[in-house]
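What follows is the content of structure_2.cif, which has mmCIF, C-alpha atoms:
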data_target
#
loop_
_atom_site.group_PDB
_atom_site.id
_atom_site.type_symbol
_atom_site.label_atom_id
_atom_site.label_comp_id
_atom_site.auth_asym_id
_atom_site.auth_seq_id
_atom_site.Cartn_x
_atom_site.Cartn_y
_atom_site.Cartn_z
ATOM 1 C CA MET A 1 0.000 0.000 0.000
ATOM 2 C CA ALA A 2 1.412 3.406 -0.968
ATOM 3 C CA LYS A 3 1.932 5.378 2.213
ATOM 4 C CA ASP A 4 1.796 8.731 0.421
ATOM 5 C CA ILE A 5 -1.827 8.296 -0.698
ATOM 6 C CA SER A 6 -4.372 9.659 1.760
ATOM 7 C CA ASP A 7 -7.267 7.558 3.062
ATOM 8 C CA LYS A 8 -9.711 9.916 1.330
ATOM 9 C CA LYS A 9 -7.964 9.540 -2.038
ATOM 10 C CA ARG A 10 -7.738 5.777 -1.518
ATOM 11 C CA GLN A 11 -11.519 5.604 -0.936
ATOM 12 C CA ILE A 12 -12.159 7.566 -4.157
ATOM 13 C CA VAL A 13 -9.889 5.195 -6.107
ATOM 14 C CA TYR A 14 -11.640 2.186 -4.529
ATOM 15 C CA GLU A 15 -15.025 3.363 -5.803
ATOM 16 C CA LYS A 16 -13.755 4.409 -9.264
ATOM 17 C CA TYR A 17 -14.997 1.241 -11.043
ATOM 18 C CA LYS A 18 -17.689 0.138 -8.576
ATOM 19 C CA LYS A 19 -15.156 -1.478 -6.240
ATOM 20 C CA ARG A 20 -13.654 -3.643 -8.985
ATOM 21 C CA CYS A 21 -10.117 -4.052 -10.265
ATOM 22 C CA ALA A 22 -9.666 -1.647 -13.184
ATOM 23 C CA TYR A 23 -7.849 -4.353 -15.127
ATOM 24 C CA CYS A 24 -9.448 -7.794 -14.611
ATOM 25 C CA GLY A 25 -12.740 -6.624 -13.069
ATOM 26 C CA VAL A 26 -12.600 -8.846 -9.973
ATOM 27 C CA LYS A 27 -14.616 -7.546 -6.994
ATOM 28 C CA LEU A 28 -12.314 -5.899 -4.441
ATOM 29 C CA THR A 29 -12.592 -5.496 -0.710
ATOM 30 C CA TYR A 30 -11.138 -2.297 0.711
ATOM 31 C CA ASP A 31 -8.530 -4.171 2.746
ATOM 32 C CA LYS A 32 -7.283 -6.018 -0.391
ATOM 33 C CA LEU A 33 -7.286 -2.912 -2.616
ATOM 34 C CA GLN A 34 -3.976 -1.973 -4.173
ATOM 35 C CA VAL A 35 -3.655 1.469 -5.722
ATOM 36 C CA ASP A 36 -1.913 1.257 -9.090
ATOM 37 C CA HIS A 37 -0.146 4.125 -10.819
ATOM 38 C CA ILE A 38 -1.348 4.048 -14.435
ATOM 39 C CA THR A 39 1.793 5.889 -15.501
ATOM 40 C CA PRO A 40 4.376 4.199 -13.260
ATOM 41 C CA LYS A 41 6.381 6.162 -10.722
ATOM 42 C CA HIS A 42 9.578 4.304 -11.744
ATOM 43 C CA ARG A 43 10.895 4.039 -8.225
ATOM 44 C CA GLY A 44 14.431 5.232 -7.643
ATOM 45 C CA SER A 45 14.822 6.984 -10.986
ATOM 46 C CA TYR A 46 15.483 10.679 -11.364
ATOM 47 C CA ASN A 47 13.367 12.633 -13.833
ATOM 48 C CA SER A 48 16.516 13.807 -15.647
ATOM 49 C CA ASP A 49 17.619 10.181 -16.184
ATOM 50 C CA LEU A 50 14.161 9.129 -17.362
ATOM 51 C CA ALA A 51 13.880 12.088 -19.754
ATOM 52 C CA LYS A 52 16.857 10.742 -21.721
ATOM 53 C CA TYR A 53 14.716 7.737 -22.617
ATOM 54 C CA GLY A 54 11.474 9.657 -23.146
ATOM 55 C CA ILE A 55 9.932 8.224 -19.971
ATOM 56 C CA VAL A 56 7.590 10.360 -17.887
ATOM 57 C CA LYS A 57 7.359 9.707 -14.173
ATOM 58 C CA GLY A 58 3.844 9.151 -12.814
ATOM 59 C CA THR A 59 2.265 11.116 -9.977
ATOM 60 C CA ASN A 60 -0.228 10.511 -7.170
ATOM 61 C CA ASP A 61 -2.863 12.590 -8.966
ATOM 62 C CA LEU A 62 -6.278 10.866 -8.966
ATOM 63 C CA SER A 63 -6.246 10.740 -12.766
ATOM 64 C CA ASN A 64 -3.140 8.521 -12.558
ATOM 65 C CA LEU A 65 -4.520 6.080 -9.965
ATOM 66 C CA ASN A 66 -6.548 2.922 -10.540
ATOM 67 C CA PRO A 67 -7.980 0.316 -8.167
ATOM 68 C CA SER A 68 -6.187 -2.974 -8.617
ATOM 69 C CA CYS A 69 -6.161 -6.499 -7.245
ATOM 70 C CA GLY A 70 -2.816 -7.752 -5.997
ATOM 71 C CA SER A 71 -2.141 -10.085 -8.918
ATOM 72 C CA CYS A 72 -2.818 -7.431 -11.571
ATOM 73 C CA ASN A 73 -0.784 -4.811 -9.730
ATOM 74 C CA SER A 74 2.102 -7.236 -9.345
ATOM 75 C CA SER A 75 1.929 -8.353 -12.979
ATOM 76 C CA LYS A 76 1.713 -4.782 -14.297
ATOM 77 C CA SER A 77 4.656 -3.726 -12.150
ATOM 78 C CA THR A 78 6.241 -0.673 -13.811
ATOM 79 C CA PHE A 79 4.926 -1.393 -17.310
ATOM 80 C CA THR A 80 2.826 1.126 -19.188
ATOM 81 C CA LEU A 81 -0.650 -0.193 -20.044
ATOM 82 C CA ASP A 82 0.337 -0.838 -23.676
ATOM 83 C CA LYS A 83 3.530 -2.646 -22.697
ATOM 84 C CA TRP A 84 1.666 -4.703 -20.084
ATOM 85 C CA LYS A 85 -0.946 -5.768 -22.662
ATOM 86 C CA GLU A 86 1.907 -6.885 -24.895
ATOM 87 C CA GLN A 87 3.411 -8.895 -22.027
ATOM 88 C CA LEU A 88 0.053 -10.508 -21.218
ATOM 89 C CA GLY A 89 -0.246 -11.620 -24.839
ATOM 90 C CA LEU A 90 3.203 -13.188 -24.671
ATOM 91 C CA LYS A 91 2.205 -15.261 -21.614
ATOM 92 C CA HIS A 92 -0.117 -17.418 -23.755
ATOM 93 C CA GLU A 93 2.673 -18.136 -26.223
ATOM 94 C CA ARG A 94 5.103 -18.978 -23.421
ATOM 95 C CA LEU A 95 2.611 -21.290 -21.717
ATOM 96 C CA LEU A 96 1.950 -23.120 -24.992
ATOM 97 C CA ARG A 97 5.674 -23.489 -25.520
ATOM 98 C CA ASP A 98 6.672 -24.440 -21.974
ATOM 99 C CA ASN A 99 3.732 -26.083 -20.192
ATOM 100 C CA SER A 100 2.406 -29.462 -21.300
ATOM 101 C CA SER A 101 -0.674 -29.245 -19.043
ATOM 102 C CA TYR A 102 -1.583 -25.928 -20.651
ATOM 103 C CA ARG A 103 -1.117 -27.414 -24.141
ATOM 104 C CA ILE A 104 -3.409 -30.338 -23.288
ATOM 105 C CA LEU A 105 -6.096 -28.050 -21.839
ATOM 106 C CA ASN A 106 -5.775 -25.867 -24.933
ATOM 107 C CA ARG A 107 -6.251 -28.852 -27.275
ATOM 108 C CA PHE A 108 -9.373 -29.931 -25.407
ATOM 109 C CA GLY A 109 -10.805 -26.419 -25.649
ATOM 110 C CA ALA A 110 -10.607 -25.781 -21.910
ATOM 111 C CA ILE A 111 -8.519 -22.648 -22.490
ATOM 112 C CA LYS A 112 -10.231 -19.693 -24.089
ATOM 113 C CA TYR A 113 -7.587 -17.377 -25.481
ATOM 114 C CA LYS A 114 -8.584 -13.896 -26.583
ATOM 115 C CA ASN A 115 -6.102 -12.186 -28.840
ATOM 116 C CA ASN A 116 -7.427 -8.696 -28.133
ATOM 117 C CA ILE A 117 -7.140 -8.075 -24.384
ATOM 118 C CA LYS A 118 -9.529 -5.464 -22.999
ATOM 119 C CA PHE A 119 -9.130 -4.175 -19.465
ATOM 120 C CA HIS A 120 -12.215 -3.812 -17.267
ATOM 121 C CA PHE A 121 -11.961 -0.023 -17.301
ATOM 122 C CA GLU A 122 -11.986 -0.024 -21.120
ATOM 123 C CA LYS A 123 -15.284 -1.932 -21.157
ATOM 124 C CA TYR A 124 -16.631 0.097 -18.234
ATOM 125 C CA ASN A 125 -16.034 3.430 -19.996
ATOM 126 C CA ARG A 126 -18.069 2.579 -23.121
#
Structure translated into structure tokens:
Amino acid sequence: MAKDISDKKRQIVYEKYKKRCAYCGVKLTYDKLQVDHITPKHRGSYNSDLAKYGIVKGTNDLSNLNPSCGSCNSSKSTFTLDKWKEQLGLKHERLLRDNSSYRILNRFGAIKYKNNIKFHFEKYNR
């Protein structure tokens, strides 16, 4: 939990998508809520260093905060949303390549793979 985000701001973020993770849509409880920085804060990096690579450092502004479950927040890490979507797409390929149980489930149709990943907030905002 980010210590520099007030309880009031945290409550606003929690209710942003009807108490659901902005990414996978799972129902959240307040005690399990993780506040994600949409544009990552890139911990430990100086703005001058990041600017060399065209990277902007995120802020604690409400417009940069999303409610997240622990697994989505951990998986997203410091990726941008576009880069994270790309990484999520690669997971399917890696599982098919490296995991025989996944390949078997895929052959039997037990795995439903969607090529075009849509986050909950993208569907919510329609």
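Proximity of A:Asn106, A:Ser74, A:Ser100, A:Ser68 to A:Gln34, computed with all atoms listed in the file, is greatest for A:Ser68.
Nearest to A:Ser63 of all the residues A:Ile38, A:Leu28, A:Leu88, A:Leu95 is A:Ile38, based on all atoms listed in the file.
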Item to complete: Using the chain letters and numbers from the file, give me the residues hit by the PyMOL selection byres ((chain A and resi 117) around 12), as a ChimeraX atom specification.
Response: /A:23-24,81-82,84-90,92,113-116,118-123
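Near A:Ala22, within a cut-off of 10 Å and counting all atoms listed in the file, sit the residues Val13, Tyr14, Lys16, Tyr17, Lys18, Val26, Lys27, Asp36, Leu65, Asn66, Pro67, Ser68, Cys69, Cys72, Phe119, His120, Phe121, Glu122, Lys123 and Tyr124 of chain A, with same-chain residues fewer than 4 positions away left out.
Rounded to one decimal, atom CA of A:Thr59 and atom CA of A:His37 lie 7.4 Å from each other.
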Worksheet, complete the sentence: The distance between atom CA of A:Glu15 and atom CA of A:Tyr30 is 9.5 Å
Worksheet item: Distance atom CA of A:Thr78-atom CA of A:Val35, one decimal place?
Response: 13.0 Å
Fill in: Minimum-distance residue to A:Ile5, chosen among A:Asp31, A:Asp98, A:Asp61, A:Glu93 (using only C-alpha atoms)
A:Asp61
Please define a box with edges along x, y and z of the file around all atoms of stretch 98-117 of chain A given in the file, extend it by 6 Å on each side, and return its centre and edge lengths in Å to one decimal, as JSON.
{"center_x": -2.1, "center_y": -19.2, "center_z": -23.9, "size_x": 29.5, "size_y": 34.3, "size_z": 21.8}
